[in-house]
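The structure appears right after this line, and notes come after that.
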Amino acid sequence: MERKVRVRFAPSPTGPLHIGGVRTALYNYLFARQHGGDMILRIEDTDQTRFVPGAEAYIIEALEWLGIKFDEGVHIGGPFGPYRQSDRKPMYKQYAEQLLNDGWAYYAFDKPEELDAKRKEYEAQKKTFQYDCRTRSEMQNSLALPAEEVQRRLDAGEPYVVRFKFPADLDITVHDLIRGDVTMNSNLLDDKVLYKSDGMPTYHLANIVDDHTMEVSHVIRGEEWLPSAPLHVMLYKAFGWEDTMPQFAHLPLLLKPEGNGKLSKRDGDRLGFPVFPLDWHDPKSGELSSGYREKGYTPEAVVNILALLGWNPGNDQEILSMEELIKLFSIEHISKSGAKFNVEKAKWFNHEYLQKKSDEEFAQMFEPQLKEHGIEADHEFVVKVCGMMKERINFPSELWDTCSYFFEAPTEYDPAAIKKRWKPGMTTHMAKVIEVLNTVPFEYEALHKAILDDYIVANQFNMGQIMNSMRLAVVGKTVGPDMLTLVMTLGKDETIARIQRAIDVIGEVSE
């Protein structure tokens with residue numbers, strides 16, 4: 001019988017969730033949904049010294065905002081709980097004892113100062129110390145000490161750790177679904193700590209025990225865990241769980257937009273983009289780090305952006321809904337090399353997803369900004385303006401700067417535009433435009449004929465100079481939609497008032 005697909009996303013509550021972690025969660029989710037499997041949220045909080053209040057709730061809120069749904073987890077429960085490692089603490093001791101009894105692990109009593117001294121001794125010989133199969137006989141552990149001495153230390157309550165006992169000179173092969181077979185010799189690996197005398201397991205032990213007892217079928221995680229994979233494979237062997245060992249897939253890193261190295265918060269701060277899904281208020285420093293949600297990214301855009309950082313659908317399609325991603329996703333199309341984050345491409349994705357929103361939805365996003373600026377506007381007018389201008393928007397926060405002149409007449413005029421566009425005789429041209437507006441039916445085609453054809457073209461005037469000066473008068477600068485569409489939107493009286501004010505304020509200029 002084919003094994004049911006069960007995957008887990010297992011973050012540590014040590015701060016905000018990096019978008020690299022979000023991508024890991026997303027790939028797990030896509031894989032699970034495509035195979036009709038289960039998605040688990042497990043909180044790995046074995047390192048209590050790095051615990052940050054609020055981090056767990058932040059992780060859950062971020063993933064919910066992005067539409068990454070779980071079947072089991074710390075926030076919803078399930079048949080394999082508890083799903084927080086600190087709540088599973090009592091069970092790990094028996095597994096550590098099993099490894100000790102079966103000769104796969106040993107007690108180590110080395111004090112921090114003794115380990116430091118050993119490192120310095122090696123440094124003096126221009127070597128690097130590693131607690132492994134070649135050095136453990138020199139240390140304070142149950143492999144090097146007499147059995148009675150080990151028991152005495154345990155009975156006396158001396159602090160200890162339990163280390164994994166790697167066999168000497170063993171080639172360990174990890175089959176990775178992305179990279180193929182990765183082989184490492186055990187002589188290069190240190191005897192990792194699995195369990196501490198305070199009753200807390202390290203990540204390595206808890207991770208393997210939890211994945212086994214939760215019947216996880218596939219471990220899809222970042223490539224930073226690849227060096228630990230030989231230990232994890234050996235732990236499955238040591239426990240006799242090789243037949244149910246999950247398949248591994250180690251994802252490529254998310255790289256900074258320029259230069260080399262992993263994408264960091266510093267890169268985001270420097271280049272002006274978030275590296276976290278939601279705003280994060282650091283409870284220790286009080287520092288605020290920006291998030292995609294608060295920057296105005298849609299969750300669909302963030303999902304689409306992250307999905308294509310390290311994976312491709314095998315075609316040229318770029319805009320992909322969650323449903324399409326689930327259908328197309330395959331581990332075979334995940335890249336082995338890191339993916340550079342592209343800030344401009346991220347903006348483009350957000351623009352594309354914003355355009356899918358209705359004019360009404362844009363108006364709802366815009367109205368709070370209008371209130372902030374003391375503007376009371378007819379709702380239908382706001383909807384109309386949004387429909388006209390939304391193509392120019394990458395983020396909702398740009399609405400006011402892009403559309404403000406529909407709601408406020410200019411009080412000053414761009415000096416560079418005056419110098420370039422408002423030439424001698426322009427007050428006469430603007431007065432003629434007012435005359436046309438007052439006498440011709442206020443309809444697009446009628447105004448087009450009267451101003452552009454009968455006045456400017458027929459008299460061989462400079463079209464660009466006159467129309468851009470008209471725009472300067474109405475907007476205050478030379479931006480905006482089609483000029484006559486703008487006039488029709490503002491209305492006859494408002495347009496005339498704005499042109500007259502520009503005539504009065506700018507006045508006639510000389511060469």
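Following the order of the structure tokens, chains are lettered A, B, ..., residues in each are numbered from 1, and ligands are numbered from 1.
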Tell me which protein, DNA and RNA residues are within 12 Å of Pro410 of chain A, counting only C-alpha atoms, leaving out same-chain ones fewer than 6 positions away, and put them as a PDB file with N, CA and C atoms, in the first residue's frame.
```pdb
ATOM      1  N   SER A 404      -4.534  62.469  -6.262  1.00  0.00           N
ATOM      2  CA  SER A 404      -4.959  63.584  -5.390  1.00  0.00           C
ATOM      3  C   SER A 404      -5.540  64.759  -6.165  1.00  0.00           C
ATOM      4  N   ARG A 471      -2.729  70.934 -19.065  1.00  0.00           N
ATOM      5  CA  ARG A 471      -2.560  69.921 -18.009  1.00  0.00           C
ATOM      6  C   ARG A 471      -1.909  70.537 -16.774  1.00  0.00           C
ATOM      7  N   LEU A 472      -0.901  71.386 -16.994  1.00  0.00           N
ATOM      8  CA  LEU A 472      -0.234  72.060 -15.878  1.00  0.00           C
ATOM      9  C   LEU A 472      -1.228  72.901 -15.093  1.00  0.00           C
ATOM     10  N   ALA A 473      -2.118  73.589 -15.809  1.00  0.00           N
ATOM     11  CA  ALA A 473      -3.120  74.442 -15.162  1.00  0.00           C
ATOM     12  C   ALA A 473      -4.100  73.620 -14.330  1.00  0.00           C
ATOM     13  N   VAL A 474      -4.499  72.467 -14.857  1.00  0.00           N
ATOM     14  CA  VAL A 474      -5.532  71.654 -14.195  1.00  0.00           C
ATOM     15  C   VAL A 474      -4.953  70.783 -13.084  1.00  0.00           C
ATOM     16  N   VAL A 475      -3.725  70.242 -13.292  1.00  0.00           N
ATOM     17  CA  VAL A 475      -3.139  69.277 -12.357  1.00  0.00           C
ATOM     18  C   VAL A 475      -2.075  69.903 -11.455  1.00  0.00           C
ATOM     19  N   GLY A 476      -1.339  70.905 -11.968  1.00  0.00           N
ATOM     20  CA  GLY A 476      -0.228  71.500 -11.224  1.00  0.00           C
ATOM     21  C   GLY A 476       1.115  70.969 -11.690  1.00  0.00           C
ATOM     22  N   LYS A 477       1.068  69.874 -12.464  1.00  0.00           N
ATOM     23  CA  LYS A 477       2.271  69.280 -13.051  1.00  0.00           C
ATOM     24  C   LYS A 477       1.848  68.534 -14.314  1.00  0.00           C
ATOM     25  N   THR A 478       2.782  68.053 -15.083  1.00  0.00           N
ATOM     26  CA  THR A 478       2.429  67.429 -16.374  1.00  0.00           C
ATOM     27  C   THR A 478       2.313  65.917 -16.246  1.00  0.00           C
ATOM     28  N   GLU A 494     -15.279  73.078 -12.585  1.00  0.00           N
ATOM     29  CA  GLU A 494     -14.008  72.870 -11.872  1.00  0.00           C
ATOM     30  C   GLU A 494     -12.826  73.082 -12.822  1.00  0.00           C
ATOM     31  N   THR A 495     -12.970  72.606 -14.062  1.00  0.00           N
ATOM     32  CA  THR A 495     -11.879  72.763 -15.034  1.00  0.00           C
ATOM     33  C   THR A 495     -11.656  74.238 -15.349  1.00  0.00           C
ATOM     34  N   ALA A 497     -12.411  76.831 -13.506  1.00  0.00           N
ATOM     35  CA  ALA A 497     -11.866  77.510 -12.311  1.00  0.00           C
ATOM     36  C   ALA A 497     -10.364  77.270 -12.190  1.00  0.00           C
ATOM     37  N   ARG A 498      -9.928  76.046 -12.474  1.00  0.00           N
ATOM     38  CA  ARG A 498      -8.498  75.715 -12.351  1.00  0.00           C
ATOM     39  C   ARG A 498      -7.670  76.429 -13.430  1.00  0.00           C
ATOM     40  N   ILE A 499      -8.182  76.477 -14.671  1.00  0.00           N
ATOM     41  CA  ILE A 499      -7.442  77.146 -15.747  1.00  0.00           C
ATOM     42  C   ILE A 499      -7.360  78.644 -15.467  1.00  0.00           C
ATOM     43  N   GLN A 500      -8.455  79.226 -14.983  1.00  0.00           N
ATOM     44  CA  GLN A 500      -8.453  80.665 -14.687  1.00  0.00           C
ATOM     45  C   GLN A 500      -7.456  80.991 -13.567  1.00  0.00           C
ATOM     46  N   ARG A 501      -7.402  80.109 -12.579  1.00  0.00           N
ATOM     47  CA  ARG A 501      -6.461  80.355 -11.467  1.00  0.00           C
ATOM     48  C   ARG A 501      -5.021  80.311 -11.970  1.00  0.00           C
ATOM     49  N   ALA A 502      -4.713  79.362 -12.868  1.00  0.00           N
ATOM     50  CA  ALA A 502      -3.357  79.279 -13.420  1.00  0.00           C
ATOM     51  C   ALA A 502      -3.019  80.541 -14.206  1.00  0.00           C
ATOM     52  N   VAL A 505      -2.307  83.154 -11.535  1.00  0.00           N
ATOM     53  CA  VAL A 505      -1.113  82.923 -10.697  1.00  0.00           C
ATOM     54  C   VAL A 505       0.162  82.931 -11.527  1.00  0.00           C
TER      55      VAL A 505
END
```
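Across A:Val440, A:Ser228, A:Tyr58, A:Gly261, the tightest approach to Gly291 of chain A is made by A:Tyr58 when counting only C-alpha atoms.
Residue nearest Lys420 of chain A, chosen from A:Leu370, A:Met388, A:Val509, A:Met483 and counting only C-alpha atoms: A:Val509.
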- Using the chain letters and numbers from this document, which residues of segment 58-266 of chain A does DSSP assign to strand (DSSP E or B), as JSON, numbers by chain? {"A": [72, 73, 77, 84, 105, 106, 107, 108, 141, 161, 162, 163, 164, 171, 172, 173, 174, 175, 176, 180, 181, 182, 183, 184, 185, 193, 194, 195, 196, 201, 218, 219, 220, 221, 222, 247, 248, 249, 250, 251, 254, 255, 262]}
How close does segment 183-209 of chain A get to segment 89-110 of chain A? List, as a tab-separated table, each residue of segment 183-209 of chain A within 10 Å, its nearest atom pair and the distance in Å to one decimal, counting only C-alpha atoms.
```
residue	atom	partner	partner_atom	distance
A:Asp191	CA	A:Ala105	CA	8.8
A:Lys192	CA	A:Ala105	CA	9.7
A:Val193	CA	A:Ala108	CA	9.0
A:Leu194	CA	A:Ala96	CA	7.4
A:Tyr195	CA	A:Ala96	CA	6.7
A:Lys196	CA	A:Lys93	CA	9.6
A:Ser197	CA	A:Tyr107	CA	9.8
A:Gly199	CA	A:Lys93	CA	7.0
A:Met200	CA	A:Lys89	CA	6.4
A:Pro201	CA	A:Tyr92	CA	6.5
A:Thr202	CA	A:Tyr92	CA	9.8
A:Leu205	CA	A:Tyr92	CA	7.7
A:Ala206	CA	A:Tyr92	CA	6.8
A:Val209	CA	A:Tyr92	CA	7.5
```
- Task: Extract the full set of helix (DSSP H, G or I) residues from segment 66-108 of chain A according to DSSP on the backbone, and format it as a ChimeraX atom specification.
- Result: /A:85-101
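Within 12 Å of Asp243 of chain A, once only C-alpha atoms are used and residues closer than 3 positions along the same chain are dropped, the contacting residues are Arg3, His212, Glu215, Ser217, Val233, Tyr236, Lys237, Phe239, Gly240, Pro246 and Gln247 of chain A.
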- Message: Give me the residues near Leu26 of chain A as a PyMOL selection string, where near means some atom within 7 Å (using only C-alpha atoms) and where sequence neighbours in that chain fewer than 4 positions away do not count.
- Response: chain A and resi 22+30+68
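Closest approach to Arg134 of chain A among A:Asn187, A:Ser12, A:Thr46, A:Gln369: A:Asn187, based on only C-alpha atoms.
Comparing the minimum interatomic distances between Glu294 of chain A and each of A:Leu308, A:Leu447, A:Ala62, A:Ala57, counting only C-alpha atoms, we find that A:Ala62 sits nearest.
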- Message: With only C-alpha atoms as the counted atoms, please give the residues lying no more than 9 Å from Pro227 of chain A, apart from itself and same-chain residues fewer than 3 positions off, as a list in words.
- Response: Met184, Leu189, Glu223, Glu224, Pro230 and Leu231 of chain A
Excluding Phe80 of chain A and residues on its chain fewer than 4 positions from it, collect all residues at most 12 Å away from it, counting only C-alpha atoms, and give them as a PDB file with C-alpha atoms, in the first residue's frame.
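Saved file result.pdb follows:
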```pdb
ATOM      1  CA  ARG A   6       2.380  13.850   5.187  1.00  0.00           C
ATOM      2  CA  ARG A   8       5.388  19.394   8.080  1.00  0.00           C
ATOM      3  CA  ASP A  38      -1.674  16.293   5.114  1.00  0.00           C
ATOM      4  CA  ILE A  40       1.317  19.836   9.724  1.00  0.00           C
ATOM      5  CA  LEU A  41       2.442  22.937  11.625  1.00  0.00           C
ATOM      6  CA  ARG A  42       4.900  21.963  14.357  1.00  0.00           C
ATOM      7  CA  ASP A  71      -4.623  19.955   8.520  1.00  0.00           C
ATOM      8  CA  GLU A  72      -2.967  19.520  11.920  1.00  0.00           C
ATOM      9  CA  GLY A  73      -0.923  21.794  14.101  1.00  0.00           C
ATOM     10  CA  VAL A  74      -0.223  23.698  17.244  1.00  0.00           C
ATOM     11  CA  ILE A  76      -5.774  23.465  15.538  1.00  0.00           C
ATOM     12  CA  ARG A  84       4.793  22.110  20.222  1.00  0.00           C
ATOM     13  CA  ARG A  88       6.359  16.786  24.045  1.00  0.00           C
ATOM     14  CA  ASP A 210       8.653  13.879  15.900  1.00  0.00           C
ATOM     15  CA  ASP A 211       8.854  13.170  12.178  1.00  0.00           C
ATOM     16  CA  HIS A 212       8.711   9.431  12.885  1.00  0.00           C
ATOM     17  CA  THR A 213       5.887   9.534  15.444  1.00  0.00           C
ATOM     18  CA  MET A 214       3.882  11.976  13.285  1.00  0.00           C
ATOM     19  CA  GLU A 215       4.356   9.639  10.276  1.00  0.00           C
ATOM     20  CA  VAL A 216       5.949  12.353   8.114  1.00  0.00           C
TER      21      VAL A 216
END
```
- Write out as JSON, numbers by chain each polymer residue whose atoms come within 8 Å of Tyr27 of chain A, counting only C-alpha atoms; drop sequence neighbours fewer than 3 positions from it. {"A": [23, 24, 30, 31, 220, 307]}
Per residue of segment 373-398 of chain A within 12 Å of segment 343-350 of chain A, note the shortest atom pair and the distance in Å to one decimal, counting only C-alpha atoms, and order the rows by chain and increasing residue number, as JSON lines.
```
{"residue": "A:Glu391", "atom": "CA", "partner": "A:Trp348", "partner_atom": "CA", "distance": 11.4}
{"residue": "A:Arg392", "atom": "CA", "partner": "A:Trp348", "partner_atom": "CA", "distance": 11.3}
{"residue": "A:Ile393", "atom": "CA", "partner": "A:Asn350", "partner_atom": "CA", "distance": 9.3}
{"residue": "A:Asn394", "atom": "CA", "partner": "A:Asn350", "partner_atom": "CA", "distance": 6.1}
{"residue": "A:Phe395", "atom": "CA", "partner": "A:Asn350", "partner_atom": "CA", "distance": 7.2}
{"residue": "A:Pro396", "atom": "CA", "partner": "A:Asn350", "partner_atom": "CA", "distance": 10.1}
```
Deliver the residues from the most recent selection as a file, using C-alpha atoms, as an mmCIF file, in the first residue's frame.
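Writing the result to result_6.cif gives the following:
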```cif
data_model
loop_
_atom_site.group_PDB
_atom_site.id
_atom_site.type_symbol
_atom_site.label_atom_id
_atom_site.label_comp_id
_atom_site.auth_asym_id
_atom_site.auth_seq_id
_atom_site.Cartn_x
_atom_site.Cartn_y
_atom_site.Cartn_z
ATOM 1 C CA GLU A 391 -3.289 50.820 -14.014
ATOM 2 C CA ARG A 392 -0.678 53.274 -12.667
ATOM 3 C CA ILE A 393 -0.633 51.753 -9.169
ATOM 4 C CA ASN A 394 1.794 49.136 -7.792
ATOM 5 C CA PHE A 395 0.626 49.540 -4.181
ATOM 6 C CA PRO A 396 -2.567 50.948 -2.613
#
```
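The two atoms in question, atom CA of Phe461 of chain A and atom CA of Pro441 of chain A, are spaced 23.0 Å apart.
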